[in-house]
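Undergrad: Take this structure first; my questions come after.
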Amino acid sequence: MAATTPLSGRRALITGGGSGIGRACAVRLAEGGADVVVVDRDAESATTVAEAVGGTAVAVDLSDLDAVDALDLDVDILVNNAGLQHVAPLHEFPVDRFSYILRLMLEAPFRLVRGALPHMYEEGWGRVVNISSIHGLRASAYKSAYVTAKHGLEGLSKVIALEGAEHGVTSNCVNPAYVRTPLVEGQIADQAKAHGLSEEEVVERVMLAPAALKRLIEPPEVAEAVAFLCSPAATSVTGTSLVMDGGWSAH
């Protein structure tokens with residue numbers, strides 16, 4: 001039983017847990033025995049996922065930093081997943097949107113980690129998994145806020161790893177390329193219309209042009225990487241990035 005439920009007795013909090021990667025992580029960590037807290041700004045989605053995995057739903061807008069600080073962060077596993085995208089040239093990028101994205105995707109994870117570490121330190125065990133992106137390691141034009149936030153998350157993750165090591169806490173990033181999520185499927189449809197291409201052509205010729213493998217990553221694949229980083233097998237894995245980009249960064 002211990003081999004199949006290595007996370008039994010652990011409490012895991014997943015942001016953006018109502019859909020996509022977050023939902024897949026909630027399902028996978030629950031299968032591993034964790035008691036899952038599904039955090040999402042969409043209360044209905046969070047509740048649906050929480051009920052499916054026997055967990056708890058918490059509806060909160062993570063861009064509201066006071067609300068983040070008010071969360072119950074006595075958790076053993078923290079998965080920072082919530083995020084969004086905005087595409088625009090730098091000289092036209094809305095300044096309020098830039099601030100919002102950094103607040104949601106970088107400052108909120110900092111606040112969450114800051115609140116969660118005391119419990120992890122007390123327990124002598126903790127896992128912080130930050131859902132970064134290939135854009136945490138590589139840049140793309142017109143995505144200044146997203147790229148900046150993900151690069152910042154990489155640095156934050158390494159600092160957590162260094163400070164947490166003596167307390168049994170590891171911190172890592174998972175770096176996928178495009179994942180088949182509602183957010184990405186919306187982008188595919190928009191680009192197909194804009195370029196006059198089929199959705200399949202958009203995926204292969206536009207979105208995955210830099211990648212060797214011309215396929216979207218499925219959310220459960222990312223969730224498996226997260227589960228590995230929380231497992232006993234990854235006890236010595238910390239301060240690094242698990243890249244699953246289909247060969248994008250091999251160039």
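Just remember, in the structure tokens the first chain shown is A, the second B, etc., residues are 1-based per chain, and ligands are 1-based in the order shown.
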Within 8 Å of Gly115 of chain A, counting only C-alpha atoms, which residues show up once you throw out same-chain ones fewer than 4 positions away? Write them as a list of chain:residue names, please.

TA: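 These residues fall inside the cut-off: A:Asp69, A:Leu73, A:Asp74, A:Arg111.
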
Undergrad: Quick one: everything within 6 Å of Ile77 of chain A, counting only C-alpha atoms, minus sequence neighbours fewer than 6 positions away in the same chain. Send it as a list in words.

TA: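 Returned residues: Ala12, Gly126, Arg127 and Val128 of chain A.
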
Undergrad: If you run DSSP on the backbone, which residues of segment 8-246 of chain A are helix (DSSP H, G or I), as JSON, numbers by chain?

TA: {"A": [20, 21, 22, 23, 24, 25, 26, 27, 28, 29, 30, 31, 43, 44, 45, 46, 47, 48, 49, 50, 51, 52, 53, 65, 66, 67, 68, 69, 90, 91, 92, 95, 96, 97, 98, 99, 100, 101, 102, 103, 104, 105, 106, 107, 108, 109, 110, 111, 112, 113, 114, 115, 116, 117, 118, 119, 120, 121, 122, 123, 134, 135, 136, 144, 145, 146, 147, 148, 149, 150, 151, 152, 153, 154, 155, 156, 157, 158, 159, 160, 161, 162, 163, 164, 165, 166, 167, 182, 183, 184, 185, 186, 187, 188, 189, 190, 191, 192, 193, 194, 195, 199, 200, 201, 202, 203, 204, 205, 206, 207, 219, 220, 221, 222, 223, 224, 225, 226, 227, 228, 229, 230, 232, 233, 234]}

Undergrad: Select from segment 66-144 of chain A every residue with an atom at most 12 Å from any atom of segment 186-202 of chain A, then for each give the shortest pair of atoms and their distance in Å to one decimal, using only C-alpha atoms, rows by chain and rising number, as a Markdown table.

TA:
| residue | atom | partner | partner_atom | distance |
| --- | --- | --- | --- | --- |
| A:Leu84 | CA | A:Gln187 | CA | 11.5 |
| A:Gln85 | CA | A:Gln187 | CA | 9.6 |
| A:His86 | CA | A:Gln187 | CA | 10.5 |
| A:Val87 | CA | A:Gln187 | CA | 10.2 |

Undergrad: Output C-alpha atoms for every residue in the selection just made, as a JSON list (two decimals), in the first residue's frame.

TA:
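Result saved to out.json:
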[["chain", "number", "residue", "atom", "x", "y", "z"],
["A", 84, "LEU", "CA", -2.47, 33.26, -17.92],
["A", 85, "GLN", "CA", -1.08, 34.65, -21.15],
["A", 86, "HIS", "CA", -1.22, 38.02, -22.90],
["A", 87, "VAL", "CA", 0.33, 38.54, -26.32]]

Undergrad: For a test of reading the model, state the distance in Å between atom CA of Leu78 of chain A and atom CA of Val184 of chain A, rounded to one decimal.

TA: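 These atoms are spaced 23.7 Å apart.
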
Undergrad: Counting only C-alpha atoms, which residue out of A:Met207, A:Met105, A:Ile217, A:Leu71 sits closest to Thr181 of chain A?

TA: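 Among the listed residues, the smallest separation from Thr181 of chain A belongs to A:Ile217.
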
Undergrad: Name all residues at most 9 Å from segment 226-230 of chain A (count only C-alpha atoms; drop same-chain ones fewer than 6 positions away) and give them as a list in words.

TA: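 Counting only the stated atoms, we get Pro6, Leu7, Cys25, Arg28, Leu29, Gly32, Ile77, Val79, Gly126, Arg127, Val128, Val129, Asn130, Ile131, Thr170, Ser171, Asn172, Cys173, Val174, Val237 and Thr238 of chain A.
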
Undergrad: Store the residues picked out above, limited to N, CA and C atoms, as a PDB file, in the first residue's frame.

TA:
ATOM      1  N   PRO A   6       2.299   6.818  -1.822  1.00  0.00           N
ATOM      2  CA  PRO A   6       3.449   7.388  -1.109  1.00  0.00           C
ATOM      3  C   PRO A   6       3.149   8.736  -0.459  1.00  0.00           C
ATOM      4  N   LEU A   7       2.029   9.357  -0.838  1.00  0.00           N
ATOM      5  CA  LEU A   7       1.695  10.677  -0.302  1.00  0.00           C
ATOM      6  C   LEU A   7       0.604  10.612   0.760  1.00  0.00           C
ATOM      7  N   CYS A  25      -3.049  17.475 -11.974  1.00  0.00           N
ATOM      8  CA  CYS A  25      -2.207  17.318 -10.781  1.00  0.00           C
ATOM      9  C   CYS A  25      -3.049  16.920  -9.577  1.00  0.00           C
ATOM     10  N   ARG A  28      -3.860  13.237  -9.940  1.00  0.00           N
ATOM     11  CA  ARG A  28      -2.686  12.363  -9.770  1.00  0.00           C
ATOM     12  C   ARG A  28      -2.195  12.335  -8.322  1.00  0.00           C
ATOM     13  N   LEU A  29      -2.143  13.485  -7.666  1.00  0.00           N
ATOM     14  CA  LEU A  29      -1.666  13.506  -6.281  1.00  0.00           C
ATOM     15  C   LEU A  29      -2.668  12.834  -5.347  1.00  0.00           C
ATOM     16  N   GLY A  32      -2.108   9.319  -5.419  1.00  0.00           N
ATOM     17  CA  GLY A  32      -0.936   8.975  -4.623  1.00  0.00           C
ATOM     18  C   GLY A  32      -1.181   9.026  -3.132  1.00  0.00           C
ATOM     19  N   ILE A  77       2.680  19.881   0.468  1.00  0.00           N
ATOM     20  CA  ILE A  77       3.010  19.995  -0.958  1.00  0.00           C
ATOM     21  C   ILE A  77       2.327  21.241  -1.507  1.00  0.00           C
ATOM     22  N   VAL A  79       1.830  23.217  -5.153  1.00  0.00           N
ATOM     23  CA  VAL A  79       2.007  23.234  -6.605  1.00  0.00           C
ATOM     24  C   VAL A  79       1.533  24.587  -7.120  1.00  0.00           C
ATOM     25  N   GLY A 126       8.848  18.712   2.897  1.00  0.00           N
ATOM     26  CA  GLY A 126       7.981  19.554   2.070  1.00  0.00           C
ATOM     27  C   GLY A 126       8.387  19.471   0.615  1.00  0.00           C
ATOM     28  N   ARG A 127       7.412  19.698  -0.256  1.00  0.00           N
ATOM     29  CA  ARG A 127       7.670  19.694  -1.692  1.00  0.00           C
ATOM     30  C   ARG A 127       7.020  20.921  -2.317  1.00  0.00           C
ATOM     31  N   VAL A 128       7.836  21.754  -2.934  1.00  0.00           N
ATOM     32  CA  VAL A 128       7.334  22.888  -3.711  1.00  0.00           C
ATOM     33  C   VAL A 128       7.586  22.572  -5.177  1.00  0.00           C
ATOM     34  N   VAL A 129       6.527  22.520  -5.960  1.00  0.00           N
ATOM     35  CA  VAL A 129       6.657  22.266  -7.396  1.00  0.00           C
ATOM     36  C   VAL A 129       6.045  23.449  -8.135  1.00  0.00           C
ATOM     37  N   ASN A 130       6.876  24.120  -8.904  1.00  0.00           N
ATOM     38  CA  ASN A 130       6.442  25.294  -9.646  1.00  0.00           C
ATOM     39  C   ASN A 130       6.245  24.929 -11.113  1.00  0.00           C
ATOM     40  N   ILE A 131       5.021  25.089 -11.591  1.00  0.00           N
ATOM     41  CA  ILE A 131       4.760  24.818 -13.011  1.00  0.00           C
ATOM     42  C   ILE A 131       5.262  26.016 -13.795  1.00  0.00           C
ATOM     43  N   THR A 170      12.208  20.292  -0.695  1.00  0.00           N
ATOM     44  CA  THR A 170      12.762  20.440  -2.041  1.00  0.00           C
ATOM     45  C   THR A 170      11.891  21.393  -2.855  1.00  0.00           C
ATOM     46  N   SER A 171      12.506  21.990  -3.868  1.00  0.00           N
ATOM     47  CA  SER A 171      11.794  22.924  -4.740  1.00  0.00           C
ATOM     48  C   SER A 171      12.308  22.764  -6.157  1.00  0.00           C
ATOM     49  N   ASN A 172      11.390  22.556  -7.079  1.00  0.00           N
ATOM     50  CA  ASN A 172      11.761  22.345  -8.474  1.00  0.00           C
ATOM     51  C   ASN A 172      10.730  22.974  -9.404  1.00  0.00           C
ATOM     52  N   CYS A 173      11.140  23.147 -10.645  1.00  0.00           N
ATOM     53  CA  CYS A 173      10.230  23.607 -11.689  1.00  0.00           C
ATOM     54  C   CYS A 173       9.966  22.475 -12.677  1.00  0.00           C
ATOM     55  N   VAL A 174       8.780  22.483 -13.248  1.00  0.00           N
ATOM     56  CA  VAL A 174       8.455  21.614 -14.377  1.00  0.00           C
ATOM     57  C   VAL A 174       8.225  22.532 -15.565  1.00  0.00           C
ATOM     58  N   VAL A 237      16.382  15.443  -5.643  1.00  0.00           N
ATOM     59  CA  VAL A 237      16.170  16.337  -6.779  1.00  0.00           C
ATOM     60  C   VAL A 237      15.659  17.667  -6.248  1.00  0.00           C
ATOM     61  N   THR A 238      16.451  18.703  -6.346  1.00  0.00           N
ATOM     62  CA  THR A 238      16.013  20.020  -5.876  1.00  0.00           C
ATOM     63  C   THR A 238      16.796  21.119  -6.586  1.00  0.00           C
TER      64      THR A 238
END

Undergrad: Extract, using only C-alpha atoms, all DNA, RNA and protein residues at most 9 Å from His167 of chain A, discarding same-chain residues fewer than 5 positions from it, and format them as a PyMOL selection string.

TA: chain A and resi 120-126

Undergrad: So that I can see what lies close to Asn80 of chain A, please list as a PDB file with N, CA and C atoms, in the first residue's frame the residues with an atom at most 10 Å from it, counting only C-alpha atoms and leaving out residues fewer than 6 positions away in the same chain.

TA:
ATOM      1  N   LEU A  13      -1.675  21.507  -1.828  1.00  0.00           N
ATOM      2  CA  LEU A  13      -2.445  22.642  -2.339  1.00  0.00           C
ATOM      3  C   LEU A  13      -2.009  22.921  -3.765  1.00  0.00           C
ATOM      4  N   ILE A  14      -2.975  23.005  -4.662  1.00  0.00           N
ATOM      5  CA  ILE A  14      -2.707  23.209  -6.091  1.00  0.00           C
ATOM      6  C   ILE A  14      -3.450  24.447  -6.560  1.00  0.00           C
ATOM      7  N   THR A  15      -2.711  25.426  -7.082  1.00  0.00           N
ATOM      8  CA  THR A  15      -3.372  26.623  -7.601  1.00  0.00           C
ATOM      9  C   THR A  15      -3.747  26.412  -9.063  1.00  0.00           C
ATOM     10  N   GLY A  16      -4.815  27.078  -9.479  1.00  0.00           N
ATOM     11  CA  GLY A  16      -5.324  26.854 -10.827  1.00  0.00           C
ATOM     12  C   GLY A  16      -5.760  25.415 -10.993  1.00  0.00           C
ATOM     13  N   GLY A  17      -6.289  24.836  -9.912  1.00  0.00           N
ATOM     14  CA  GLY A  17      -6.611  23.415  -9.900  1.00  0.00           C
ATOM     15  C   GLY A  17      -7.930  23.040 -10.543  1.00  0.00           C
ATOM     16  N   GLY A  22      -3.569  21.908 -13.631  1.00  0.00           N
ATOM     17  CA  GLY A  22      -3.916  21.874 -12.212  1.00  0.00           C
ATOM     18  C   GLY A  22      -4.873  20.748 -11.879  1.00  0.00           C
ATOM     19  N   MET A 105       1.527  35.473 -11.171  1.00  0.00           N
ATOM     20  CA  MET A 105       2.391  34.350 -11.531  1.00  0.00           C
ATOM     21  C   MET A 105       3.752  34.355 -10.837  1.00  0.00           C
ATOM     22  N   LEU A 106       4.060  35.426 -10.113  1.00  0.00           N
ATOM     23  CA  LEU A 106       5.341  35.474  -9.415  1.00  0.00           C
ATOM     24  C   LEU A 106       5.186  35.895  -7.952  1.00  0.00           C
ATOM     25  N   ALA A 108       2.337  36.046  -6.137  1.00  0.00           N
ATOM     26  CA  ALA A 108       1.451  35.111  -5.430  1.00  0.00           C
ATOM     27  C   ALA A 108       2.193  33.819  -5.056  1.00  0.00           C
ATOM     28  N   PRO A 109       2.966  33.197  -5.964  1.00  0.00           N
ATOM     29  CA  PRO A 109       3.749  32.030  -5.549  1.00  0.00           C
ATOM     30  C   PRO A 109       4.706  32.339  -4.396  1.00  0.00           C
ATOM     31  N   PHE A 110       5.336  33.511  -4.419  1.00  0.00           N
ATOM     32  CA  PHE A 110       6.201  33.890  -3.303  1.00  0.00           C
ATOM     33  C   PHE A 110       5.417  33.944  -1.997  1.00  0.00           C
ATOM     34  N   LEU A 112       2.615  32.425  -1.289  1.00  0.00           N
ATOM     35  CA  LEU A 112       2.174  31.074  -0.938  1.00  0.00           C
ATOM     36  C   LEU A 112       3.316  30.281  -0.298  1.00  0.00           C
ATOM     37  N   VAL A 113       4.481  30.360  -0.893  1.00  0.00           N
ATOM     38  CA  VAL A 113       5.641  29.653  -0.344  1.00  0.00           C
ATOM     39  C   VAL A 113       5.990  30.213   1.039  1.00  0.00           C
ATOM     40  N   VAL A 128       7.836  21.754  -2.934  1.00  0.00           N
ATOM     41  CA  VAL A 128       7.334  22.888  -3.711  1.00  0.00           C
ATOM     42  C   VAL A 128       7.586  22.572  -5.177  1.00  0.00           C
ATOM     43  N   VAL A 129       6.527  22.520  -5.960  1.00  0.00           N
ATOM     44  CA  VAL A 129       6.657  22.266  -7.396  1.00  0.00           C
ATOM     45  C   VAL A 129       6.045  23.449  -8.135  1.00  0.00           C
ATOM     46  N   ASN A 130       6.876  24.120  -8.904  1.00  0.00           N
ATOM     47  CA  ASN A 130       6.442  25.294  -9.646  1.00  0.00           C
ATOM     48  C   ASN A 130       6.245  24.929 -11.113  1.00  0.00           C
ATOM     49  N   ILE A 131       5.021  25.089 -11.591  1.00  0.00           N
ATOM     50  CA  ILE A 131       4.760  24.818 -13.011  1.00  0.00           C
ATOM     51  C   ILE A 131       5.262  26.016 -13.795  1.00  0.00           C
ATOM     52  N   SER A 132       6.463  25.858 -14.297  1.00  0.00           N
ATOM     53  CA  SER A 132       7.075  26.906 -15.105  1.00  0.00           C
ATOM     54  C   SER A 132       6.697  26.648 -16.568  1.00  0.00           C
ATOM     55  N   LEU A 153      10.126  32.979 -11.644  1.00  0.00           N
ATOM     56  CA  LEU A 153       9.724  31.792 -10.898  1.00  0.00           C
ATOM     57  C   LEU A 153      10.870  30.791 -10.817  1.00  0.00           C
ATOM     58  N   CYS A 173      11.140  23.147 -10.645  1.00  0.00           N
ATOM     59  CA  CYS A 173      10.230  23.607 -11.689  1.00  0.00           C
ATOM     60  C   CYS A 173       9.966  22.475 -12.677  1.00  0.00           C
TER      61      CYS A 173
END

Undergrad: Could you give me, as a PDB file with C-alpha atoms, in the first residue's frame, the residues within 12 Å of Arg23 of chain A, counting only C-alpha atoms and dropping anything in the same chain fewer than 2 positions from it?

TA:
ATOM      1  CA  LEU A  13      -2.445  22.642  -2.339  1.00  0.00           C
ATOM      2  CA  ILE A  14      -2.707  23.209  -6.091  1.00  0.00           C
ATOM      3  CA  THR A  15      -3.372  26.623  -7.601  1.00  0.00           C
ATOM      4  CA  GLY A  16      -5.324  26.854 -10.827  1.00  0.00           C
ATOM      5  CA  GLY A  17      -6.611  23.415  -9.900  1.00  0.00           C
ATOM      6  CA  GLY A  18      -9.985  23.748 -11.596  1.00  0.00           C
ATOM      7  CA  SER A  19      -8.845  22.786 -15.091  1.00  0.00           C
ATOM      8  CA  GLY A  20      -5.932  21.822 -17.313  1.00  0.00           C
ATOM      9  CA  ILE A  21      -2.621  21.008 -15.669  1.00  0.00           C
ATOM     10  CA  CYS A  25      -2.207  17.318 -10.781  1.00  0.00           C
ATOM     11  CA  ALA A  26      -5.123  17.172  -8.339  1.00  0.00           C
ATOM     12  CA  VAL A  27      -6.212  13.810  -9.737  1.00  0.00           C
ATOM     13  CA  ARG A  28      -2.686  12.363  -9.770  1.00  0.00           C
ATOM     14  CA  LEU A  29      -1.666  13.506  -6.281  1.00  0.00           C
ATOM     15  CA  ALA A  30      -4.974  12.269  -4.871  1.00  0.00           C
ATOM     16  CA  VAL A  36      -5.833  17.768  -2.051  1.00  0.00           C
ATOM     17  CA  VAL A  37      -6.839  21.417  -1.724  1.00  0.00           C
ATOM     18  CA  VAL A  38      -8.027  22.739  -5.097  1.00  0.00           C
ATOM     19  CA  VAL A  39      -7.541  26.501  -5.373  1.00  0.00           C
ATOM     20  CA  ASP A  40      -9.104  28.305  -8.329  1.00  0.00           C
ATOM     21  CA  SER A  45     -14.614  24.312 -11.362  1.00  0.00           C
ATOM     22  CA  ALA A  46     -12.725  24.032  -8.081  1.00  0.00           C
ATOM     23  CA  THR A  47     -15.698  22.326  -6.447  1.00  0.00           C
ATOM     24  CA  THR A  48     -16.124  19.878  -9.328  1.00  0.00           C
ATOM     25  CA  VAL A  49     -12.485  18.796  -9.182  1.00  0.00           C
ATOM     26  CA  ALA A  50     -12.409  18.664  -5.371  1.00  0.00           C
ATOM     27  CA  GLU A  51     -15.488  16.452  -5.281  1.00  0.00           C
ATOM     28  CA  ALA A  52     -13.959  14.159  -7.894  1.00  0.00           C
ATOM     29  CA  VAL A  53     -10.797  13.619  -5.861  1.00  0.00           C
ATOM     30  CA  GLY A  55     -10.535  17.011  -1.630  1.00  0.00           C
ATOM     31  CA  ALA A  57     -12.241  23.486  -2.885  1.00  0.00           C
ATOM     32  CA  VAL A  79       2.007  23.234  -6.605  1.00  0.00           C
ATOM     33  CA  ASN A  81       0.304  26.351 -11.334  1.00  0.00           C
ATOM     34  CA  ALA A  82      -2.116  29.275 -11.851  1.00  0.00           C
ATOM     35  CA  THR A 181      -5.345  23.034 -21.919  1.00  0.00           C
ATOM     36  CA  PRO A 182      -8.415  25.258 -22.419  1.00  0.00           C
ATOM     37  CA  GLU A 218      -1.288  16.181 -22.404  1.00  0.00           C
ATOM     38  CA  PRO A 219      -1.991  17.474 -18.848  1.00  0.00           C
ATOM     39  CA  PRO A 220      -1.566  14.007 -17.235  1.00  0.00           C
ATOM     40  CA  VAL A 222       2.827  17.068 -16.600  1.00  0.00           C
ATOM     41  CA  ALA A 223       1.032  15.654 -13.560  1.00  0.00           C
TER      42      ALA A 223
END

Undergrad: Let me make sure I understand: among A:Ser63, A:Val203, A:Thr240, A:Arg10, which one has the smallest atom-to-atom distance to Lys158 of chain A if we use only C-alpha atoms?

TA: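 For Lys158 of chain A, the nearest of the candidates is A:Thr240.
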
Undergrad: May I have the residues within 12 Å of Ala141 of chain A as JSON, numbers by chain, using only C-alpha atoms and disregarding those fewer than 2 positions away in the same chain?

TA: {"A": [86, 87, 88, 89, 90, 91, 93, 135, 138, 139, 143, 144, 145, 146, 147, 148]}

Undergrad: Using only N, CA and C atoms, please write the residues we just selected to a file, as a compact mmCIF listing (two decimals), in the first residue's frame.

TA:
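Writing done, so here's selection_20.txt:
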# COMPACT_ATOMS: atom_id res chain seq x y z
N HIS A 86 -0.79 36.84 -22.13
CA HIS A 86 -1.22 38.02 -22.90
C HIS A 86 -0.16 38.26 -23.96
N VAL A 87 -0.60 38.40 -25.20
CA VAL A 87 0.33 38.54 -26.32
C VAL A 87 0.21 39.94 -26.91
N ALA A 88 1.33 40.67 -26.90
CA ALA A 88 1.36 42.03 -27.46
C ALA A 88 2.81 42.49 -27.58
N PRO A 89 3.13 43.33 -28.57
CA PRO A 89 4.50 43.88 -28.66
C PRO A 89 4.82 44.70 -27.41
N LEU A 90 6.08 44.73 -27.05
CA LEU A 90 6.50 45.46 -25.85
C LEU A 90 6.00 46.90 -25.82
N HIS A 91 6.13 47.57 -26.94
CA HIS A 91 5.79 49.00 -26.93
C HIS A 91 4.29 49.24 -26.88
N PHE A 93 2.38 46.81 -24.98
CA PHE A 93 1.90 45.94 -23.90
C PHE A 93 1.27 46.76 -22.79
N HIS A 135 9.18 28.70 -21.50
CA HIS A 135 9.42 30.14 -21.47
C HIS A 135 10.06 30.61 -20.16
N ARG A 138 13.53 29.95 -22.14
CA ARG A 138 13.68 30.56 -23.47
C ARG A 138 12.66 31.68 -23.60
N ALA A 139 12.98 32.64 -24.43
CA ALA A 139 12.05 33.76 -24.66
C ALA A 139 11.33 33.59 -25.99
N LYS A 143 5.61 38.14 -25.65
CA LYS A 143 5.13 37.52 -24.40
C LYS A 143 5.96 38.02 -23.22
N SER A 144 6.19 39.33 -23.17
CA SER A 144 7.12 39.89 -22.19
C SER A 144 6.73 39.59 -20.76
N ALA A 145 5.46 39.73 -20.41
CA ALA A 145 5.04 39.52 -19.02
C ALA A 145 5.17 38.04 -18.64
N TYR A 146 4.70 37.16 -19.49
CA TYR A 146 4.73 35.73 -19.22
C TYR A 146 6.17 35.23 -19.08
N VAL A 147 7.02 35.62 -20.03
CA VAL A 147 8.42 35.19 -20.00
C VAL A 147 9.12 35.74 -18.76
N THR A 148 8.87 36.99 -18.44
CA THR A 148 9.47 37.60 -17.26
C THR A 148 9.02 36.89 -15.99

Undergrad: Could you state the separation of atom CA of Glu31 of chain A and atom CA of Glu221 of chain A in Å, given to one decimal place?

TA: 14.5 Å
